[in-house]
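Pasted below: upload.pdb, PDB, C-alpha atoms.
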```
ATOM      1  CA  MET A   1       0.000   0.000   0.000
ATOM      2  CA  PRO A   2       1.444   3.433  -0.901
ATOM      3  CA  ASP A   3       2.401   5.846   1.862
ATOM      4  CA  PRO A   4      -0.590   8.008   2.854
ATOM      5  CA  PHE A   5      -0.666  11.694   1.973
ATOM      6  CA  ILE A   6      -0.342  13.826   5.109
ATOM      7  CA  ASP A   7      -0.103  17.640   5.244
ATOM      8  CA  LEU A   8       0.699  18.960   8.725
ATOM      9  CA  HIS A   9       0.358  22.734   8.295
ATOM     10  CA  ALA A  10      -2.775  24.526   7.094
ATOM     11  CA  HIS A  11      -4.700  27.657   8.081
ATOM     12  CA  SER A  12      -8.372  28.565   8.121
ATOM     13  CA  SER A  13     -10.201  31.887   8.315
ATOM     14  CA  VAL A  14     -10.005  31.640  12.114
ATOM     15  CA  SER A  15      -6.518  33.081  11.655
ATOM     16  CA  ASP A  16      -5.254  34.199   8.236
ATOM     17  CA  GLY A  17      -6.637  31.638   5.791
ATOM     18  CA  THR A  18      -9.570  32.334   3.485
ATOM     19  CA  GLU A  19     -11.678  29.207   4.113
ATOM     20  CA  ARG A  20     -13.774  28.230   7.101
ATOM     21  CA  PRO A  21     -12.302  25.272   9.068
ATOM     22  CA  ALA A  22     -14.962  22.905   7.701
ATOM     23  CA  ASP A  23     -14.296  24.012   4.134
ATOM     24  CA  LEU A  24     -10.558  23.597   4.646
ATOM     25  CA  VAL A  25     -11.034  19.997   5.798
ATOM     26  CA  ARG A  26     -13.336  19.252   2.847
ATOM     27  CA  ALA A  27     -10.787  20.778   0.465
ATOM     28  CA  ALA A  28      -8.088  18.564   1.988
ATOM     29  CA  ALA A  29     -10.191  15.462   1.425
ATOM     30  CA  ALA A  30     -11.022  16.543  -2.132
ATOM     31  CA  SER A  31      -7.318  16.995  -2.866
ATOM     32  CA  GLY A  32      -6.639  13.368  -1.906
ATOM     33  CA  LEU A  33      -5.073  13.923   1.495
ATOM     34  CA  ASP A  34      -5.393  11.189   4.106
ATOM     35  CA  GLY A  35      -4.532  13.567   6.936
ATOM     36  CA  VAL A  36      -4.347  17.308   7.503
ATOM     37  CA  ALA A  37      -3.390  19.462  10.482
ATOM     38  CA  LEU A  38      -5.319  22.622  11.310
ATOM     39  CA  THR A  39      -2.663  24.986  12.659
ATOM     40  CA  ASP A  40      -4.164  28.453  12.928
ATOM     41  CA  HIS A  41      -2.004  31.185  14.427
ATOM     42  CA  ASP A  42      -2.159  31.280  18.228
ATOM     43  CA  THR A  43      -5.671  29.828  18.466
ATOM     44  CA  THR A  44      -7.571  26.539  18.614
ATOM     45  CA  ALA A  45     -10.931  28.195  17.949
ATOM     46  CA  GLY A  46     -11.413  26.341  14.658
ATOM     47  CA  TRP A  47     -11.025  22.854  16.085
ATOM     48  CA  HIS A  48     -14.706  22.164  16.788
ATOM     49  CA  GLU A  49     -15.910  23.105  13.318
ATOM     50  CA  ALA A  50     -13.125  21.126  11.636
ATOM     51  CA  THR A  51     -13.813  18.123  13.866
ATOM     52  CA  GLU A  52     -17.502  18.062  12.938
ATOM     53  CA  ALA A  53     -16.608  18.173   9.249
ATOM     54  CA  VAL A  54     -13.959  15.447   9.329
ATOM     55  CA  ARG A  55     -16.351  12.995  11.002
ATOM     56  CA  GLN A  56     -18.106  12.825   7.617
ATOM     57  CA  LEU A  57     -14.919  12.338   5.561
ATOM     58  CA  PRO A  58     -12.504   9.421   4.928
ATOM     59  CA  MET A  59      -9.522  11.193   6.446
ATOM     60  CA  THR A  60      -7.884  12.228   9.737
ATOM     61  CA  LEU A  61      -7.635  15.668  11.313
ATOM     62  CA  VAL A  62      -4.638  16.586  13.479
ATOM     63  CA  PRO A  63      -5.749  19.507  15.668
ATOM     64  CA  GLY A  64      -2.952  21.963  16.339
ATOM     65  CA  LEU A  65      -1.852  25.576  16.279
ATOM     66  CA  GLU A  66       1.072  27.681  15.098
ATOM     67  CA  LEU A  67       2.527  29.481  18.088
ATOM     68  CA  SER A  68       4.228  32.823  17.511
ATOM     69  CA  THR A  69       7.626  33.161  19.182
ATOM     70  CA  ARG A  70      10.398  35.682  18.711
ATOM     71  CA  ILE A  71      14.157  36.204  19.063
ATOM     72  CA  GLY A  72      14.673  39.945  18.979
ATOM     73  CA  TRP A  73      13.138  41.040  15.656
ATOM     74  CA  ARG A  74      13.211  37.535  14.190
ATOM     75  CA  SER A  75      10.010  35.490  14.203
ATOM     76  CA  VAL A  76      10.234  31.773  14.914
ATOM     77  CA  HIS A  77       6.946  29.905  14.523
ATOM     78  CA  VAL A  78       6.441  26.692  16.468
ATOM     79  CA  LEU A  79       3.768  24.244  15.356
ATOM     80  CA  GLY A  80       2.076  22.568  18.304
ATOM     81  CA  TYR A  81       0.249  19.360  17.480
ATOM     82  CA  LEU A  82      -2.399  17.691  19.649
ATOM     83  CA  VAL A  83      -2.184  20.093  22.588
ATOM     84  CA  ASP A  84      -4.810  20.330  25.310
ATOM     85  CA  PRO A  85      -6.789  23.368  24.099
ATOM     86  CA  GLN A  86      -7.845  24.178  27.680
ATOM     87  CA  ASP A  87      -4.333  24.164  29.158
ATOM     88  CA  PRO A  88      -4.172  27.317  31.330
ATOM     89  CA  GLY A  89      -0.610  28.282  30.423
ATOM     90  CA  LEU A  90      -1.147  27.920  26.704
ATOM     91  CA  VAL A  91      -4.505  29.704  26.805
ATOM     92  CA  ALA A  92      -3.009  32.639  28.724
ATOM     93  CA  GLU A  93      -0.048  32.974  26.353
ATOM     94  CA  THR A  94      -2.051  32.724  23.123
ATOM     95  CA  THR A  95      -4.604  35.227  24.426
ATOM     96  CA  ALA A  96      -1.801  37.684  25.171
ATOM     97  CA  ILE A  97      -0.263  37.126  21.712
ATOM     98  CA  ARG A  98      -3.585  37.700  19.940
ATOM     99  CA  ASP A  99      -4.228  40.869  21.949
ATOM    100  CA  GLY A 100      -0.754  42.096  21.017
ATOM    101  CA  ARG A 101      -1.320  41.292  17.351
ATOM    102  CA  LEU A 102      -4.516  43.315  17.358
ATOM    103  CA  THR A 103      -2.847  46.360  18.902
ATOM    104  CA  ARG A 104       0.083  46.088  16.530
ATOM    105  CA  ALA A 105      -2.144  45.689  13.459
ATOM    106  CA  ARG A 106      -4.174  48.764  14.410
ATOM    107  CA  SER A 107      -1.020  50.805  14.876
ATOM    108  CA  MET A 108       0.381  49.682  11.514
ATOM    109  CA  VAL A 109      -2.852  50.533   9.709
ATOM    110  CA  ASP A 110      -2.882  53.984  11.300
ATOM    111  CA  ALA A 111       0.669  54.556  10.039
ATOM    112  CA  ILE A 112      -0.053  53.255   6.531
ATOM    113  CA  GLY A 113      -3.258  55.318   6.436
ATOM    114  CA  ARG A 114      -1.274  58.525   6.794
ATOM    115  CA  ASP A 115       0.267  57.834   3.367
ATOM    116  CA  HIS A 116      -2.289  55.587   1.643
ATOM    117  CA  PRO A 117      -6.114  55.459   1.506
ATOM    118  CA  ILE A 118      -6.735  52.590   3.945
ATOM    119  CA  THR A 119      -8.695  52.465   7.220
ATOM    120  CA  TRP A 120      -9.110  50.001  10.070
ATOM    121  CA  ASP A 121     -12.618  49.245   8.815
ATOM    122  CA  ASP A 122     -11.091  48.152   5.507
ATOM    123  CA  VAL A 123      -8.976  45.617   7.384
ATOM    124  CA  LEU A 124     -11.840  44.386   9.567
ATOM    125  CA  ALA A 125     -13.823  43.714   6.387
ATOM    126  CA  GLU A 126     -11.174  41.164   5.361
ATOM    127  CA  SER A 127     -11.440  39.093   8.566
ATOM    128  CA  SER A 128     -14.063  36.710   9.887
ATOM    129  CA  GLU A 129     -15.620  37.113  13.328
ATOM    130  CA  GLY A 130     -13.192  36.102  16.060
ATOM    131  CA  ALA A 131     -10.236  35.815  13.689
ATOM    132  CA  THR A 132      -6.688  36.572  14.802
ATOM    133  CA  ILE A 133      -6.095  39.803  12.884
ATOM    134  CA  GLY A 134      -2.620  40.328  11.519
ATOM    135  CA  ARG A 135      -0.580  41.459   8.546
ATOM    136  CA  PRO A 136      -2.311  39.068   6.098
ATOM    137  CA  HIS A 137      -5.616  40.867   6.679
ATOM    138  CA  ILE A 138      -3.925  44.213   6.097
ATOM    139  CA  ALA A 139      -2.426  42.761   2.917
ATOM    140  CA  ASP A 140      -5.856  41.639   1.706
ATOM    141  CA  ALA A 141      -7.250  45.113   2.323
ATOM    142  CA  LEU A 142      -4.371  46.665   0.379
ATOM    143  CA  VAL A 143      -5.132  44.335  -2.533
ATOM    144  CA  ARG A 144      -8.861  45.042  -2.467
ATOM    145  CA  LEU A 145      -8.131  48.783  -2.465
ATOM    146  CA  GLY A 146      -5.793  48.426  -5.443
ATOM    147  CA  LEU A 147      -2.714  49.455  -3.489
ATOM    148  CA  GLU A 148      -0.972  46.093  -4.063
ATOM    149  CA  THR A 149      -1.514  43.394  -6.692
ATOM    150  CA  ASP A 150      -1.716  40.396  -4.359
ATOM    151  CA  ARG A 151      -0.910  39.314  -0.816
ATOM    152  CA  SER A 152       2.655  38.305  -1.664
ATOM    153  CA  ALA A 153       3.301  41.682  -3.289
ATOM    154  CA  ALA A 154       1.981  43.445  -0.192
ATOM    155  CA  PHE A 155       4.481  41.568   1.969
ATOM    156  CA  ARG A 156       7.278  42.558  -0.398
ATOM    157  CA  GLY A 157       6.103  46.149  -0.489
ATOM    158  CA  ILE A 158       4.058  48.175   1.989
ATOM    159  CA  LEU A 159       4.198  45.487   4.691
ATOM    160  CA  HIS A 160       7.902  44.680   4.328
ATOM    161  CA  PRO A 161       9.950  45.293   7.495
ATOM    162  CA  SER A 162      12.013  47.895   5.625
ATOM    163  CA  SER A 163       8.943  49.904   4.546
ATOM    164  CA  GLY A 164       8.810  51.983   7.710
ATOM    165  CA  TYR A 165       5.297  50.765   8.584
ATOM    166  CA  TYR A 166       6.283  47.418  10.079
ATOM    167  CA  GLU A 167       6.054  46.884  13.833
ATOM    168  CA  PRO A 168       7.036  43.740  15.765
ATOM    169  CA  HIS A 169       4.532  42.093  18.077
ATOM    170  CA  GLU A 170       5.044  40.686  21.536
ATOM    171  CA  ALA A 171       5.700  36.947  21.679
ATOM    172  CA  PRO A 172       7.505  34.464  23.939
ATOM    173  CA  THR A 173      10.922  33.043  23.116
ATOM    174  CA  PRO A 174      11.119  29.798  21.127
ATOM    175  CA  LEU A 175      12.271  28.022  24.291
ATOM    176  CA  ARG A 176       9.203  29.210  26.166
ATOM    177  CA  GLY A 177       7.037  28.221  23.211
ATOM    178  CA  VAL A 178       8.373  24.672  23.179
ATOM    179  CA  GLU A 179       7.904  24.445  26.948
ATOM    180  CA  LEU A 180       4.310  25.698  26.717
ATOM    181  CA  ILE A 181       3.393  23.183  24.010
ATOM    182  CA  ARG A 182       4.940  20.268  25.899
ATOM    183  CA  ALA A 183       3.263  21.354  29.150
ATOM    184  CA  ALA A 184      -0.048  21.276  27.245
ATOM    185  CA  GLY A 185       0.621  17.684  26.170
ATOM    186  CA  GLY A 186       1.470  18.710  22.624
ATOM    187  CA  VAL A 187       4.282  17.974  20.192
ATOM    188  CA  PRO A 188       6.365  20.984  19.033
ATOM    189  CA  VAL A 189       7.885  21.277  15.555
ATOM    190  CA  ILE A 190       9.582  24.428  14.240
ATOM    191  CA  ALA A 191       7.790  25.742  11.146
ATOM    192  CA  HIS A 192       9.763  26.597   7.970
ATOM    193  CA  PRO A 193      13.007  27.286   9.860
ATOM    194  CA  ALA A 194      15.027  27.962   6.699
ATOM    195  CA  ALA A 195      12.533  30.295   5.014
ATOM    196  CA  SER A 196      14.751  33.347   5.452
ATOM    197  CA  SER A 197      17.245  34.248   2.748
ATOM    198  CA  ARG A 198      19.499  35.311   5.622
ATOM    199  CA  GLY A 199      19.727  31.713   6.827
ATOM    200  CA  ILE A 200      18.111  29.408   9.359
ATOM    201  CA  VAL A 201      16.169  31.225  12.090
ATOM    202  CA  ILE A 202      17.961  29.390  14.902
ATOM    203  CA  ASP A 203      21.534  28.230  15.395
ATOM    204  CA  GLU A 204      22.801  24.896  16.680
ATOM    205  CA  PRO A 205      23.296  25.973  20.333
ATOM    206  CA  MET A 206      19.706  27.200  20.437
ATOM    207  CA  LEU A 207      18.522  23.994  18.784
ATOM    208  CA  ARG A 208      20.231  21.999  21.527
ATOM    209  CA  GLU A 209      18.318  24.035  24.123
ATOM    210  CA  LEU A 210      15.045  23.442  22.322
ATOM    211  CA  VAL A 211      15.682  19.715  21.998
ATOM    212  CA  ASP A 212      16.431  19.529  25.712
ATOM    213  CA  ALA A 213      13.104  21.319  26.344
ATOM    214  CA  GLY A 214      11.195  18.822  24.216
ATOM    215  CA  LEU A 215      11.381  19.944  20.576
ATOM    216  CA  ALA A 216      10.180  17.014  18.455
ATOM    217  CA  GLY A 217      10.982  18.005  14.901
ATOM    218  CA  LEU A 218      11.694  20.418  12.070
ATOM    219  CA  GLU A 219       9.480  21.281   9.107
ATOM    220  CA  VAL A 220      11.996  20.588   6.344
ATOM    221  CA  ASP A 221       9.855  20.252   3.228
ATOM    222  CA  HIS A 222       8.208  23.656   2.767
ATOM    223  CA  ARG A 223       8.173  25.832  -0.330
ATOM    224  CA  GLU A 224       9.880  28.754   1.451
ATOM    225  CA  ASN A 225      12.788  26.817   2.940
ATOM    226  CA  GLN A 226      16.034  27.627   1.121
ATOM    227  CA  ALA A 227      17.829  24.647  -0.467
ATOM    228  CA  HIS A 228      21.098  25.202   1.391
ATOM    229  CA  GLY A 229      19.204  25.530   4.667
ATOM    230  CA  LYS A 230      17.284  22.307   4.097
ATOM    231  CA  ARG A 231      20.555  20.386   3.933
ATOM    232  CA  THR A 232      21.507  21.719   7.358
ATOM    233  CA  LEU A 233      18.057  20.941   8.736
ATOM    234  CA  LEU A 234      18.305  17.337   7.573
ATOM    235  CA  ASP A 235      21.744  17.047   9.184
ATOM    236  CA  TRP A 236      20.276  18.364  12.437
ATOM    237  CA  THR A 237      17.320  15.974  12.384
ATOM    238  CA  ALA A 238      19.747  13.054  12.043
ATOM    239  CA  GLN A 239      22.089  14.397  14.714
ATOM    240  CA  PHE A 240      19.383  15.109  17.283
ATOM    241  CA  GLY A 241      16.906  12.375  16.411
ATOM    242  CA  LEU A 242      14.159  14.768  15.337
ATOM    243  CA  VAL A 243      11.183  14.008  13.114
ATOM    244  CA  VAL A 244      11.119  15.477   9.612
ATOM    245  CA  THR A 245       7.844  16.974   8.449
ATOM    246  CA  GLY A 246       6.646  18.358   5.147
ATOM    247  CA  SER A 247       3.690  20.665   4.743
ATOM    248  CA  SER A 248       1.961  23.110   2.430
ATOM    249  CA  ASP A 249       1.298  25.982   4.872
ATOM    250  CA  TYR A 250      -1.989  26.330   3.000
ATOM    251  CA  HIS A 251      -3.989  29.555   3.359
ATOM    252  CA  GLY A 252      -6.703  29.033   0.757
ATOM    253  CA  GLU A 253      -6.698  31.841  -1.789
ATOM    254  CA  GLY A 254      -4.453  33.971   0.414
ATOM    255  CA  LYS A 255      -1.207  32.409  -0.840
ATOM    256  CA  PRO A 256      -0.090  30.286  -3.811
ATOM    257  CA  ASN A 257       0.575  27.280  -1.526
ATOM    258  CA  ARG A 258      -1.550  24.245  -2.467
ATOM    259  CA  LEU A 259      -2.727  21.484  -0.143
ATOM    260  CA  GLY A 260      -0.415  18.483  -0.238
ATOM    261  CA  GLU A 261       2.342  20.191  -2.239
ATOM    262  CA  HIS A 262       4.713  18.938   0.486
ATOM    263  CA  ARG A 263       3.851  16.013   2.708
ATOM    264  CA  THR A 264       4.885  14.241   5.897
ATOM    265  CA  ALA A 265       5.948  10.590   5.927
ATOM    266  CA  ARG A 266       3.859   8.062   7.831
ATOM    267  CA  ARG A 267       6.684   7.322  10.284
ATOM    268  CA  SER A 268       6.912  10.993  11.294
ATOM    269  CA  PHE A 269       3.136  11.207  11.671
ATOM    270  CA  ASP A 270       3.134   8.110  13.877
ATOM    271  CA  ALA A 271       5.974   9.506  16.031
ATOM    272  CA  ILE A 272       4.059  12.744  16.609
ATOM    273  CA  VAL A 273       0.839  10.937  17.556
ATOM    274  CA  GLU A 274       2.745   8.619  19.892
ATOM    275  CA  GLN A 275       4.296  11.540  21.793
ATOM    276  CA  ALA A 276       1.051  13.497  22.269
ATOM    277  CA  THR A 277      -0.955  13.427  25.489
ATOM    278  CA  GLY A 278      -2.984  16.648  25.200
ATOM    279  CA  SER A 279      -5.532  15.555  22.608
ATOM    280  CA  ALA A 280      -5.954  12.950  19.885
ATOM    281  CA  PRO A 281      -6.375  12.920  16.117
ATOM    282  CA  VAL A 282      -9.948  12.991  14.858
ATOM    283  CA  VAL A 283     -10.537   9.970  12.655
ATOM    284  CA  GLY A 284     -13.166  10.075   9.945
ATOM    285  CA  PRO A 285     -14.882   6.984   8.538
ATOM    286  CA  GLY A 286     -12.578   4.977   6.292
ATOM    287  CA  SER A 287      -9.412   6.892   7.176
ATOM    288  CA  ARG A 288      -6.272   5.096   6.035
ATOM    289  CA  LEU A 289      -4.269   6.392   8.995
ATOM    290  CA  PHE A 290      -6.054   4.372  11.698
TER
END
```
Step by step, read the file and then write its structure as structure tokens.
Amino acid sequence: MPDPFIDLHAHSSVSDGTERPADLVRAAAASGLDGVALTDHDTTAGWHEATEAVRQLPMTLVPGLELSTRIGWRSVHVLGYLVDPQDPGLVAETTAIRDGRLTRARSMVDAIGRDHPITWDDVLAESSEGATIGRPHIADALVRLGLETDRSAAFRGILHPSSGYYEPHEAPTPLRGVELIRAAGGVPVIAHPAASSRGIVIDEPMLRELVDAGLAGLEVDHRENQAHGKRTLLDWTAQFGLVVTGSSDYHGEGKPNRLGEHRTARRSFDAIVEQATGSAPVVGPGSRLF
């Protein structure tokens, strides 16, 4: 039997995707995936809707989130699979991050609005109720207003850190992020760690710290990871005994990423499920994974 198709990184409109959680899960099934992870930014609010949808589909849902962490000005995103969504420490931290994102987004829009015809209401119109508002929603507003051609162009232009409008947001360190996910019974994996043209977002001494704190793996196969960085990541996974994941980082129509364009091997999926104690995968009827 061929290896199942598993995509462990996808976003819904609860954070910065364009599809409702249920529609995301249906799209994953329609694309031939056997398993998909819902990993919205700093929230588990989409889990219930996605769970209800997957119970009608021949596939498996891996509930998760993508936790924002930071080293100085550098963002390091940590995927947390199968956490306990009610864990007090994780709930407190993600609430604080989302509040900080909202304040930061409002401040950025105010600054952009002094030079371009955009308002906070324009940005709110691009988000769903309860969504974690961030730069992608600002980007979508810029596109709708004709100020940028698409979301990617907005991130290269008006929303680029060098534009003068960019502001960092408050977030814990990667070490704290890994600790929070493990304390919530989850399995932490660093998302797209070689996506920066400047190099990998962490160095080997920091990786050692994260492994000691419970880091489980690295997302190696991702369209934004640089080729030279991927070679280092694979060396690190062998050296430290980490799982290797591959994912699309799907956002619906918000980005060019397509579901299943990069996938995770069955052995890595099984290792993640085995380590988790916070929650369990949701298995639809006829799923090949269970």
Please indicate the distance in Å from atom CA of A:Ile190 to atom CA of A:Gly217, rounded to one decimal place. 6.6 Å
Spatial neighbours of stretch 26-31 of chain A, max dist 8 Å, all atoms listed in the file, sep filter under 4 positions, as an mmCIF file with C-alpha atoms, in the frame of the given file:
```cif
data_model
loop_
_atom_site.group_PDB
_atom_site.id
_atom_site.type_symbol
_atom_site.label_atom_id
_atom_site.label_comp_id
_atom_site.auth_asym_id
_atom_site.auth_seq_id
_atom_site.Cartn_x
_atom_site.Cartn_y
_atom_site.Cartn_z
ATOM 1 C CA ALA A 22 -14.962 22.905 7.701
ATOM 2 C CA GLY A 35 -4.532 13.567 6.936
ATOM 3 C CA VAL A 36 -4.347 17.308 7.503
ATOM 4 C CA ALA A 53 -16.608 18.173 9.249
ATOM 5 C CA VAL A 54 -13.959 15.447 9.329
ATOM 6 C CA LEU A 57 -14.919 12.338 5.561
ATOM 7 C CA PRO A 58 -12.504 9.421 4.928
ATOM 8 C CA MET A 59 -9.522 11.193 6.446
ATOM 9 C CA LEU A 259 -2.727 21.484 -0.143
ATOM 10 C CA GLY A 260 -0.415 18.483 -0.238
#
```
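What separates atom CA of A:Trp120 from atom CA of A:Ser152 is a distance of 20.3 Å.
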Please evaluate the PyMOL selection byres ((chain A and resi 280) around 10) against the displayed coordinates and give the resulting residues as a ChimeraX atom specification. /A:61-63,81-84,186,273-274,276-279,281-283
Mind giving me the straight-line distance from atom CA of A:Val220 to atom CA of A:Ala271 in Å, one decimal?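 So the answer is 15.9 Å.
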Padded axis-aligned box of stretch 76-83 of chain A (5 Å per side), centre and edge lengths, Å, one decimal, as lines of an AutoDock Vina configuration file:
```
center_x = 3.9
center_y = 24.7
center_z = 18.6
size_x = 22.6
size_y = 24.1
size_z = 18.1
```
Across A:Gly214, A:Gly157, A:Gly89, A:Pro188, the smallest distance to A:Leu65, with only C-alpha atoms counted, is shown by A:Pro188
Compile a residue-level contact table for stretch 20-130 of chain A against stretch 161-164 of chain A at a cut-off of 10 Å, reporting for every qualifying residue the shortest atom pair and its distance in Å to one decimal, with all atoms listed in the file counted, rows ordered by chain and ascending number, as JSON lines.
```
{"residue": "A:Trp73", "atom": "CA", "partner": "A:Pro161", "partner_atom": "CA", "distance": 9.7}
{"residue": "A:Met108", "atom": "CA", "partner": "A:Gly164", "partner_atom": "CA", "distance": 9.5}
{"residue": "A:Ala111", "atom": "CA", "partner": "A:Gly164", "partner_atom": "CA", "distance": 8.8}
{"residue": "A:Ile112", "atom": "CA", "partner": "A:Gly164", "partner_atom": "CA", "distance": 9.0}
```
Matched chain/residue IDs from the PyMOL selection byres ((chain A and resi 44) around 7), as a list in words: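 On the file shown, the PyMOL selection byres ((chain A and resi 44) around 7) covers Asp40, Thr43, Ala45, Gly46, Trp47, Gly64, Leu65 and Pro85 of chain A.
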Taking into account all atoms listed in the file, which residue in the set A:Glu148, A:Glu129, A:Asp16, A:Asp140 is nearest to A:Gly252?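 Closest to A:Gly252, using all atoms listed in the file: A:Asp16.
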Report as number ranges by chain all protein, DNA and RNA residues lying within 12 Å of A:Ala96, evaluated on all atoms listed in the file, omitting residues in the same chain fewer than 5 positions from it. A: 42-43, 67-68, 89-91, 101-103, 132, 169-172
When the PyMOL selection byres ((chain A and resi 269) around 10) is applied to the file above, which residues end up in the set, as a list of chain:residue names? A:Ile6, A:Asp7, A:Leu8, A:Gly35, A:Val62, A:Val243, A:Val244, A:Thr245, A:Thr264, A:Ala265, A:Arg266, A:Arg267, A:Ser268, A:Asp270, A:Ala271, A:Ile272, A:Val273, A:Glu274, A:Leu289
Polymer residues at most 8 Å from A:Pro21, only C-alpha atoms, same-chain spacing of 3 or more positions, as a ChimeraX atom specification: /A:12-14,24-25,38,46-47,49-50
Near A:Gly72, counting all atoms listed in the file, which residues have an atom at most 12 Å away, once you skip same-chain residues fewer than 2 positions from it, shown as number ranges by chain? A: 69-70, 74-76, 168-174, 201-202
Keeping only C-alpha atoms, write the selected residues as an mmCIF file, in the coordinates of the input.
```cif
data_model
loop_
_atom_site.group_PDB
_atom_site.id
_atom_site.type_symbol
_atom_site.label_atom_id
_atom_site.label_comp_id
_atom_site.auth_asym_id
_atom_site.auth_seq_id
_atom_site.Cartn_x
_atom_site.Cartn_y
_atom_site.Cartn_z
ATOM 1 C CA THR A 69 7.626 33.161 19.182
ATOM 2 C CA ARG A 70 10.398 35.682 18.711
ATOM 3 C CA ARG A 74 13.211 37.535 14.190
ATOM 4 C CA SER A 75 10.010 35.490 14.203
ATOM 5 C CA VAL A 76 10.234 31.773 14.914
ATOM 6 C CA PRO A 168 7.036 43.740 15.765
ATOM 7 C CA HIS A 169 4.532 42.093 18.077
ATOM 8 C CA GLU A 170 5.044 40.686 21.536
ATOM 9 C CA ALA A 171 5.700 36.947 21.679
ATOM 10 C CA PRO A 172 7.505 34.464 23.939
ATOM 11 C CA THR A 173 10.922 33.043 23.116
ATOM 12 C CA PRO A 174 11.119 29.798 21.127
ATOM 13 C CA VAL A 201 16.169 31.225 12.090
ATOM 14 C CA ILE A 202 17.961 29.390 14.902
#
```
When you look at A:Gln275 with a cut-off of 9 Å (counting all atoms listed in the file), what residues show up, excluding the ones that are within fewer than 6 positions of it in the same chain? I need them as a list in words.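 Listing them by chain and then by number gives Gly185, Gly186, Val187 and Ala216 of chain A.
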Selected residue, from A:Val143, A:Ile133, A:Val78, A:Ala125, that lies nearest to A:Arg104 when counting all atoms listed in the file: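 Once distances to A:Arg104 are computed over all atoms listed in the file, the minimum belongs to A:Ile133.
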Rebuild N, CA and C atoms on stretch 79-90 of chain A, as a PDB file, keeping the file's coordinate frame?
```pdb
ATOM      1  N   LEU A  79       4.996  25.007  15.509  1.00  0.00           N
ATOM      2  CA  LEU A  79       3.768  24.244  15.356  1.00  0.00           C
ATOM      3  C   LEU A  79       3.579  23.362  16.579  1.00  0.00           C
ATOM      4  N   GLY A  80       2.387  23.397  17.145  1.00  0.00           N
ATOM      5  CA  GLY A  80       2.076  22.568  18.304  1.00  0.00           C
ATOM      6  C   GLY A  80       0.945  21.621  17.967  1.00  0.00           C
ATOM      7  N   TYR A  81       1.252  20.343  17.853  1.00  0.00           N
ATOM      8  CA  TYR A  81       0.249  19.360  17.480  1.00  0.00           C
ATOM      9  C   TYR A  81      -0.365  18.695  18.706  1.00  0.00           C
ATOM     10  N   LEU A  82      -1.687  18.513  18.672  1.00  0.00           N
ATOM     11  CA  LEU A  82      -2.399  17.691  19.649  1.00  0.00           C
ATOM     12  C   LEU A  82      -2.211  18.189  21.081  1.00  0.00           C
ATOM     13  N   VAL A  83      -2.240  19.499  21.252  1.00  0.00           N
ATOM     14  CA  VAL A  83      -2.184  20.093  22.588  1.00  0.00           C
ATOM     15  C   VAL A  83      -3.544  19.947  23.270  1.00  0.00           C
ATOM     16  N   ASP A  84      -3.555  20.180  24.570  1.00  0.00           N
ATOM     17  CA  ASP A  84      -4.810  20.330  25.310  1.00  0.00           C
ATOM     18  C   ASP A  84      -5.271  21.771  25.103  1.00  0.00           C
ATOM     19  N   PRO A  85      -6.386  21.995  24.408  1.00  0.00           N
ATOM     20  CA  PRO A  85      -6.789  23.368  24.099  1.00  0.00           C
ATOM     21  C   PRO A  85      -7.219  24.161  25.328  1.00  0.00           C
ATOM     22  N   GLN A  86      -7.440  23.490  26.454  1.00  0.00           N
ATOM     23  CA  GLN A  86      -7.845  24.178  27.680  1.00  0.00           C
ATOM     24  C   GLN A  86      -6.683  24.379  28.655  1.00  0.00           C
ATOM     25  N   ASP A  87      -5.476  24.011  28.258  1.00  0.00           N
ATOM     26  CA  ASP A  87      -4.333  24.164  29.158  1.00  0.00           C
ATOM     27  C   ASP A  87      -4.178  25.628  29.579  1.00  0.00           C
ATOM     28  N   PRO A  88      -4.171  25.921  30.871  1.00  0.00           N
ATOM     29  CA  PRO A  88      -4.172  27.317  31.330  1.00  0.00           C
ATOM     30  C   PRO A  88      -2.978  28.134  30.834  1.00  0.00           C
ATOM     31  N   GLY A  89      -1.789  27.538  30.857  1.00  0.00           N
ATOM     32  CA  GLY A  89      -0.610  28.282  30.423  1.00  0.00           C
ATOM     33  C   GLY A  89      -0.658  28.631  28.956  1.00  0.00           C
ATOM     34  N   LEU A  90      -1.070  27.678  28.135  1.00  0.00           N
ATOM     35  CA  LEU A  90      -1.147  27.920  26.704  1.00  0.00           C
ATOM     36  C   LEU A  90      -2.263  28.911  26.380  1.00  0.00           C
TER      37      LEU A  90
END
```
